[in-house]
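Have a look at upload-v5.csv below; it lists CSV, C-alpha atoms.
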chain,number,residue,atom,x,y,z
G,1,MET,CA,-1.2,22.3,53.7
G,2,VAL,CA,-2.4,18.9,52.5
G,3,ASN,CA,-1.0,15.9,54.4
G,4,LYS,CA,1.2,14.0,51.8
G,5,THR,CA,0.8,10.7,53.6
G,6,LYS,CA,-3.0,10.9,53.4
G,7,VAL,CA,-2.9,11.8,49.7
G,8,ALA,CA,-0.6,8.9,49.0
G,9,HIS,CA,-2.8,6.6,51.0
G,10,ASP,CA,-5.9,7.7,49.1
G,11,ILE,CA,-4.1,7.2,45.7
G,12,ILE,CA,-3.0,3.7,46.8
G,13,LEU,CA,-6.5,2.8,47.8
G,14,LYS,CA,-7.8,4.0,44.4
G,15,LEU,CA,-5.2,2.0,42.6
G,16,ALA,CA,-6.1,-1.1,44.6
G,17,GLU,CA,-9.7,-0.7,43.7
G,18,GLU,CA,-8.8,-0.4,40.0
G,19,THR,CA,-6.5,-3.4,40.0
G,20,GLU,CA,-9.4,-5.6,41.4
G,21,LYS,CA,-11.3,-4.8,38.2
G,22,ASN,CA,-8.4,-6.1,36.0
G,23,VAL,CA,-7.9,-2.7,34.4
G,24,ASP,CA,-5.1,-2.3,31.9
G,25,LEU,CA,-2.1,-0.4,33.2
G,26,ALA,CA,-2.1,1.7,30.0
G,27,ASP,CA,-5.4,3.2,31.0
G,28,PRO,CA,-5.0,7.0,31.3
G,29,TYR,CA,-6.7,7.1,34.7
G,30,ILE,CA,-4.2,4.6,36.1
G,31,GLN,CA,-1.4,6.4,34.5
G,32,LYS,CA,-2.6,9.7,36.0
G,33,LEU,CA,-2.8,8.0,39.5
G,34,LEU,CA,0.7,6.6,39.2
G,35,PHE,CA,2.0,10.0,38.1
G,36,GLU,CA,0.4,11.6,41.1
G,37,LEU,CA,1.7,9.0,43.4
G,38,ASN,CA,5.2,9.4,41.9
G,39,SER,CA,5.0,13.2,42.4
G,40,VAL,CA,3.9,12.8,46.0
G,41,ALA,CA,6.7,10.4,46.7
G,42,LEU,CA,9.2,12.8,45.1
G,43,VAL,CA,8.0,15.7,47.2
G,44,SER,CA,7.9,13.6,50.4
G,45,SER,CA,11.4,12.3,49.8
G,46,SER,CA,12.9,15.7,49.1
G,47,GLY,CA,11.3,17.0,52.2
G,48,ASN,CA,10.3,20.2,50.4
G,49,HIS,CA,6.8,21.0,51.7
G,50,ASN,CA,6.6,24.4,50.0
G,51,VAL,CA,5.9,23.0,46.5
G,52,PRO,CA,2.3,24.0,45.7
G,53,GLU,CA,-0.2,21.5,44.4
G,54,TYR,CA,-1.4,23.5,41.5
G,55,TYR,CA,-1.5,23.0,37.8
G,56,SER,CA,-0.7,25.8,35.5
G,57,VAL,CA,-3.0,26.7,32.6
G,58,LYS,CA,-0.6,24.9,30.2
G,59,ASP,CA,-0.7,21.8,32.3
G,60,VAL,CA,-4.5,21.8,32.3
G,61,ALA,CA,-4.6,22.3,28.6
G,62,GLU,CA,-2.3,19.3,28.1
G,63,LEU,CA,-4.4,17.2,30.6
G,64,PHE,CA,-7.6,17.9,28.7
G,65,ASP,CA,-6.0,18.0,25.2
G,66,VAL,CA,-7.4,21.4,24.5
G,67,ASN,CA,-6.0,24.8,23.7
G,68,LYS,CA,-4.8,27.2,26.4
G,69,GLN,CA,-7.5,29.7,25.3
G,70,THR,CA,-10.1,27.1,26.3
G,71,VAL,CA,-8.7,26.9,29.8
G,72,TYR,CA,-8.8,30.7,30.1
G,73,LYS,CA,-12.5,30.5,28.9
G,74,TRP,CA,-13.3,27.9,31.6
G,75,ILE,CA,-11.6,30.2,34.2
G,76,ALA,CA,-13.7,33.2,33.0
G,77,GLU,CA,-16.8,31.0,33.1
G,78,GLU,CA,-15.7,29.8,36.6
G,79,LYS,CA,-16.1,26.2,35.5
G,80,ILE,CA,-12.8,25.3,37.4
G,81,ASP,CA,-11.4,26.5,40.7
G,82,TYR,CA,-8.4,28.8,40.4
G,83,LYS,CA,-6.5,31.4,42.2
G,84,VAL,CA,-4.5,34.2,40.8
G,85,ASP,CA,-0.8,33.7,41.0
G,86,GLU,CA,0.6,36.7,42.9
G,87,SER,CA,4.2,35.4,43.1
G,88,PRO,CA,6.9,37.9,42.0
G,89,GLY,CA,7.6,38.0,38.3
G,90,LYS,CA,3.9,37.8,37.3
G,91,ILE,CA,3.6,41.5,36.7
G,92,GLN,CA,3.0,41.8,33.0
G,93,ARG,CA,0.9,38.6,32.5
G,94,LYS,CA,-1.8,37.2,34.6
G,95,GLY,CA,-0.9,33.8,36.1
G,96,TYR,CA,-3.5,31.3,37.3
G,97,GLN,CA,-3.0,28.5,39.8
G,98,ILE,CA,-5.4,25.7,39.4
G,99,PRO,CA,-5.7,23.2,42.3
G,100,LYS,CA,-4.9,19.6,41.3
G,101,GLY,CA,-7.6,18.1,43.6
G,102,GLN,CA,-10.5,18.9,41.2
G,103,PHE,CA,-9.2,16.6,38.4
G,104,GLN,CA,-8.9,13.4,40.4
G,105,THR,CA,-11.4,11.2,38.5
G,106,GLU,CA,-12.6,11.0,34.9
G,107,ARG,CA,-16.1,12.0,36.2
G,108,GLU,CA,-14.8,15.2,37.6
G,109,MET,CA,-13.0,16.0,34.3
G,110,ASN,CA,-16.2,15.2,32.4
G,111,ILE,CA,-18.1,17.8,34.5
G,112,VAL,CA,-15.6,20.5,33.3
G,113,ASP,CA,-15.5,19.2,29.7
G,114,PRO,CA,-18.4,16.9,28.7
G,115,THR,CA,-16.6,15.8,25.6
G,116,PHE,CA,-13.5,14.6,27.4
G,117,SER,CA,-14.3,10.9,27.5
G,118,LYS,CA,-15.4,10.7,23.9
G,119,ARG,CA,-12.4,12.6,22.7
G,120,ARG,CA,-10.0,10.5,24.7
G,121,GLU,CA,-11.7,7.2,23.4
G,122,LYS,CA,-11.5,8.5,19.8
G,123,ALA,CA,-7.8,9.5,20.2
G,124,MET,CA,-7.0,6.1,21.6
G,125,LYS,CA,-8.6,4.4,18.6
G,126,ASP,CA,-6.9,6.7,16.1
G,127,ILE,CA,-3.4,5.6,17.2
G,128,PRO,CA,-2.0,3.7,14.2
G,129,ASN,CA,-0.7,0.2,14.5
G,130,THR,CA,3.1,0.7,14.4
G,131,ASP,CA,3.9,-2.8,15.6
G,132,SER,CA,6.8,-4.0,13.4
G,133,SER,CA,5.9,-7.7,13.7
G,134,GLN,CA,5.4,-9.8,10.6
G,135,SER,CA,2.0,-10.3,8.9
G,136,ASP,CA,-0.5,-12.2,11.0
G,137,VAL,CA,-2.6,-13.3,8.0
G,138,SER,CA,-2.6,-17.1,7.4
G,139,LEU,CA,-1.1,-17.7,4.0
G,140,PRO,CA,-1.2,-21.0,2.3
G,141,GLU,CA,1.9,-23.2,2.1
G,142,HIS,CA,0.6,-25.6,-0.5
G,143,SER,CA,-2.2,-25.1,-3.0
G,144,HIS,CA,-5.1,-27.6,-3.1
G,145,ASN,CA,-6.2,-26.2,-6.4
G,146,SER,CA,-4.4,-26.8,-9.7
G,147,SER,CA,-1.8,-24.3,-10.5
G,148,ILE,CA,-1.8,-22.1,-13.6
G,149,SER,CA,1.0,-20.5,-15.6
G,150,TYR,CA,1.7,-16.9,-16.6
G,151,ASP,CA,0.7,-17.7,-20.1
G,152,ASP,CA,-2.6,-19.2,-19.1
G,153,ILE,CA,-3.5,-15.9,-17.3
G,154,LYS,CA,-2.4,-13.9,-20.3
G,155,HIS,CA,-4.4,-16.1,-22.6
G,156,ASP,CA,-7.6,-15.8,-20.5
G,157,LEU,CA,-7.2,-12.0,-20.3
G,158,ARG,CA,-6.9,-11.8,-24.1
G,159,LYS,CA,-9.9,-14.0,-24.5
G,160,ASN,CA,-12.0,-11.9,-22.2
G,161,LYS,CA,-10.9,-8.7,-23.8
J,162,MET,CA,16.4,-16.5,-5.9
J,163,SER,CA,13.2,-18.0,-4.4
J,164,ILE,CA,12.9,-21.7,-4.6
J,165,GLY,CA,9.4,-21.8,-3.0
J,166,SER,CA,6.0,-21.5,-4.6
J,167,GLU,CA,4.4,-18.4,-6.0
J,168,PHE,CA,0.9,-17.5,-5.1
J,169,TRP,CA,-1.3,-14.7,-6.5
J,170,HIS,CA,-4.4,-13.4,-4.9
J,171,LYS,CA,-7.4,-14.4,-7.0
J,172,GLU,CA,-8.6,-10.8,-7.3
J,173,VAL,CA,-5.3,-9.9,-9.0
J,174,ILE,CA,-6.3,-12.3,-11.8
J,175,ASP,CA,-10.0,-11.5,-11.8
J,176,PHE,CA,-10.0,-7.7,-11.1
J,177,ASP,CA,-6.5,-6.0,-11.2
J,178,LEU,CA,-5.1,-7.3,-14.4
J,179,PRO,CA,-8.3,-6.9,-16.5
J,180,SER,CA,-8.7,-3.3,-15.3
J,181,ILE,CA,-5.1,-2.6,-16.2
J,182,ALA,CA,-5.6,-4.2,-19.6
J,183,GLU,CA,-8.6,-1.9,-20.2
J,184,GLN,CA,-6.5,1.2,-19.4
J,185,THR,CA,-3.4,0.4,-21.4
J,186,ALA,CA,-3.0,-0.2,-25.1
J,187,ALA,CA,0.3,-2.2,-25.0
J,188,PHE,CA,-0.8,-4.8,-22.4
J,189,ASN,CA,1.5,-7.5,-23.7
J,190,THR,CA,4.6,-5.4,-23.1
J,191,LEU,CA,3.3,-4.4,-19.7
J,192,TYR,CA,2.6,-8.0,-18.8
J,193,GLU,CA,6.1,-9.1,-19.7
J,194,LEU,CA,7.6,-6.3,-17.7
J,195,PHE,CA,5.3,-7.3,-14.8
J,196,ILE,CA,6.5,-10.9,-14.9
J,197,PHE,CA,10.1,-9.6,-15.1
J,198,ALA,CA,9.5,-7.3,-12.1
J,199,ILE,CA,8.2,-10.4,-10.1
J,200,TYR,CA,11.4,-12.2,-11.1
J,201,LYS,CA,13.5,-9.3,-9.9
J,202,ALA,CA,11.5,-8.9,-6.6
J,203,LYS,CA,12.1,-12.6,-5.9
J,204,GLN,CA,15.8,-12.2,-6.4
J,205,ASN,CA,16.0,-9.6,-3.5
J,206,PRO,CA,12.6,-9.8,-1.7
J,207,ASN,CA,13.5,-7.9,1.4
J,208,ARG,CA,14.7,-4.7,-0.2
J,209,PRO,CA,15.4,-2.1,2.5
J,210,GLY,CA,13.2,1.0,2.2
J,211,TRP,CA,10.5,-0.8,0.4
J,212,GLU,CA,8.6,-2.1,3.4
J,213,LEU,CA,5.1,-1.1,4.0
J,214,ARG,CA,3.6,0.1,7.3
J,215,TYR,CA,0.4,0.2,9.3
J,216,ASP,CA,-2.1,-2.3,8.0
J,217,LEU,CA,0.4,-3.8,5.5
J,218,THR,CA,3.2,-4.3,8.0
J,219,GLY,CA,5.4,-7.2,6.9
J,220,TRP,CA,4.5,-6.7,3.2
J,221,HIS,CA,6.6,-5.0,0.6
J,222,GLU,CA,6.0,-2.9,-2.4
J,223,TYR,CA,7.7,-3.0,-5.8
J,224,LYS,CA,7.8,-0.3,-8.4
J,225,PHE,CA,8.2,-0.9,-12.1
J,226,PHE,CA,7.6,0.7,-15.5
J,227,SER,CA,4.8,-0.1,-17.8
J,228,LYS,CA,6.9,0.7,-20.9
J,229,GLU,CA,10.3,-0.6,-22.0
J,230,LEU,CA,12.0,2.7,-22.6
J,231,PRO,CA,10.8,5.2,-20.0
J,232,ALA,CA,11.8,8.9,-20.3
J,233,ILE,CA,14.6,10.3,-18.2
J,234,GLN,CA,13.5,11.2,-14.7
J,235,GLU,CA,10.2,9.4,-15.2
J,236,LYS,CA,9.0,7.6,-12.1
J,237,PRO,CA,7.9,3.9,-12.2
J,238,ASP,CA,4.2,4.1,-12.9
J,239,MET,CA,3.2,0.7,-11.7
J,240,ARG,CA,3.1,-0.9,-8.2
J,241,PHE,CA,2.6,-4.3,-6.7
J,242,VAL,CA,2.4,-5.5,-3.1
J,243,TYR,CA,3.9,-8.7,-2.1
J,244,TYR,CA,5.0,-10.8,0.9
J,245,TYR,CA,8.0,-13.1,1.0
J,246,ASN,CA,8.0,-15.9,3.6
J,247,SER,CA,11.7,-16.5,4.4
J,248,PHE,CA,11.0,-19.9,6.0
J,249,ASN,CA,9.3,-21.7,3.1
J,250,LYS,CA,10.5,-19.3,0.5
J,251,ASN,CA,7.0,-18.6,-0.8
J,252,PHE,CA,6.1,-15.5,-2.7
J,253,TYR,CA,2.6,-14.0,-2.3
J,254,LEU,CA,1.3,-11.3,-4.6
J,255,LEU,CA,-1.5,-9.3,-3.1
J,256,ALA,CA,-2.3,-6.5,-5.5
J,257,VAL,CA,-1.1,-4.8,-8.6
J,258,GLY,CA,-2.1,-1.5,-10.1
J,259,LEU,CA,-1.2,1.9,-11.6
J,260,ARG,CA,0.5,4.5,-9.5
J,261,ASN,CA,-1.9,7.2,-8.3
J,262,SER,CA,0.0,10.4,-8.6
J,263,GLU,CA,-2.7,12.4,-6.7
J,264,GLU,CA,-2.6,10.0,-3.8
J,265,THR,CA,-2.6,11.5,-0.4
J,266,ARG,CA,-3.6,10.2,3.0
J,267,VAL,CA,-7.1,11.8,2.6
J,268,SER,CA,-8.0,12.1,-1.1
J,269,ALA,CA,-8.5,9.5,-3.7
J,270,LYS,CA,-8.0,6.7,-1.3
J,271,GLU,CA,-10.2,4.3,-3.2
J,272,HIS,CA,-7.9,4.5,-6.2
J,273,SER,CA,-4.8,3.8,-4.2
J,274,ILE,CA,-3.2,0.4,-4.7
J,275,TYR,CA,-2.2,0.3,-1.0
J,276,TYR,CA,-5.8,1.1,0.1
J,277,ILE,CA,-7.1,-1.7,-2.0
J,278,ALA,CA,-4.4,-4.1,-0.8
J,279,ALA,CA,-5.1,-3.3,2.9
J,280,ASN,CA,-8.8,-3.9,2.4
J,281,ARG,CA,-8.1,-7.1,0.5
J,282,LEU,CA,-5.9,-8.4,3.2
J,283,LYS,CA,-8.6,-7.9,5.8
J,284,ARG,CA,-11.0,-10.3,4.1
J,285,THR,CA,-8.5,-12.8,2.7
J,286,ASN,CA,-8.4,-16.5,3.6
J,287,GLN,CA,-6.7,-19.7,2.4
J,288,ASP,CA,-9.0,-20.1,-0.6
J,289,CYS,CA,-8.2,-16.7,-2.0
J,290,TRP,CA,-4.8,-17.7,-3.3
J,291,GLN,CA,-4.0,-19.2,-6.7
J,292,MET,CA,-0.7,-21.1,-7.1
J,293,ILE,CA,1.4,-20.1,-10.2
J,294,LYS,CA,3.7,-22.6,-11.8

Please express the file's structure as structure tokens.
Amino acid sequence: MVNKTKVAHDIILKLAEETEKNVDLADPYIQKLLFELNSVALVSSSGNHNVPEYYSVKDVAELFDVNKQTVYKWIAEEKIDYKVDESPGKIQRKGYQIPKGQFQTEREMNIVDPTFSKRREKAMKDIPNTDSSQSDVSLPEHSHNSSISYDDIKHDLRKNK
Amino acid sequence: MSIGSEFWHKEVIDFDLPSIAEQTAAFNTLYELFIFAIYKAKQNPNRPGWELRYDLTGWHEYKFFSKELPAIQEKPDMRFVYYYNSFNKNFYLLAVGLRNSEETRVSAKEHSIYYIAANRLKRTNQDCWQMIK
């Protein structure tokens, strides 16, 4: 069984290293660390030490933003560590338990899926700007040029036509 | 009603209106309806539901007909994009054009008035605006 205090200590150390680099808190890696720390704290506070530290296939698929079939393919190719879930209720379908420890850093995730970083960067760029603030473009308040009328524009258009 | 000034983007005068004039036979009628549409837009500039999103956040659209007596159930076939400054009551017209009925997020982007307006807005500066009296 993994010592929770040691895991939390390691995560805090990693967070401290990242904060020295002035990394944005919205960074997925930081978010992941915070999530891990939160889960460790929850487990520690509840006093339930029987909760396994495994991801399911669905969790890994969400983590990498791939299909579940891809995760099964990685398991078949033995790209990731796993163990077969032999708990009761898993008779008809095969369940896999994937240890969380192998996805601690972005580098480790890139070893499993080399396109992970590129895909994540692209996904971050493709998020549309949904900020509802007003237009940031500087618009003139007064005109330095001479103003023209509607009829002048119409007259010019007719002349050009 | 707006008591501020009215500004048109220079490409509206140099590019949009001439291209519309080439495509339509009764341009005089269309131009009068366009001026009337601007007048109506100024009366109620922040119409709910007519706001634009993403690159044109803060800007509004206005739909109007190019003919005086449109058929029943016919959609307004013209669009223009404007911005109303509620502090100095100025009205800014960015682009005007025909509605593109085949417009989707992927196809025919270049012919979309909103695509043109968003691109125009990116490279706009203070000298791009013409005051209208």

May I have a table of the residues of chain J lying at most 6 Å from chain G, giving each one's closest pair of atoms and their distance in Å to one decimal, counting all atoms listed in the file, ordered by chain and ascending residue number, as JSON lines?
{"residue": "J:Tyr215", "atom": "CA", "partner": "G:Asn129", "partner_atom": "CA", "distance": 5.3}
{"residue": "J:Gly219", "atom": "CA", "partner": "G:Gln134", "partner_atom": "CA", "distance": 4.5}
{"residue": "J:Gln287", "atom": "CA", "partner": "G:Pro140", "partner_atom": "CA", "distance": 5.7}
{"residue": "J:Met292", "atom": "CA", "partner": "G:Ser147", "partner_atom": "CA", "distance": 4.8}
{"residue": "J:Ile293", "atom": "CA", "partner": "G:Ile148", "partner_atom": "CA", "distance": 5.1}
{"residue": "J:Lys294", "atom": "CA", "partner": "G:Ser149", "partner_atom": "CA", "distance": 5.1}

Report task. For Tyr243 in chain J, list every protein, DNA or RNA residue within 9 Å, evaluated using only C-alpha atoms, and leave out those in the same chain fewer than 4 positions away; present the list as an NGL selection string. Result -> :J and (202 or 206 or 220-223 or 252-256)

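Of note, CA of Arg281 in chain J and CA of Glu167 in chain J are spaced 18.1 Å apart.
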
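Here CA of Leu15 in chain G and CA of Leu34 in chain G stand 8.2 Å from one another.
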
Requested in this report: For Leu178 in chain J, work out the shell of residues within 8 Å, counting all atoms listed in the file and skipping chain neighbours fewer than 5 positions away, then give it as a list in words.
Outcome: Leu157 of chain G; Val173, Val257 and Gly258 of chain J
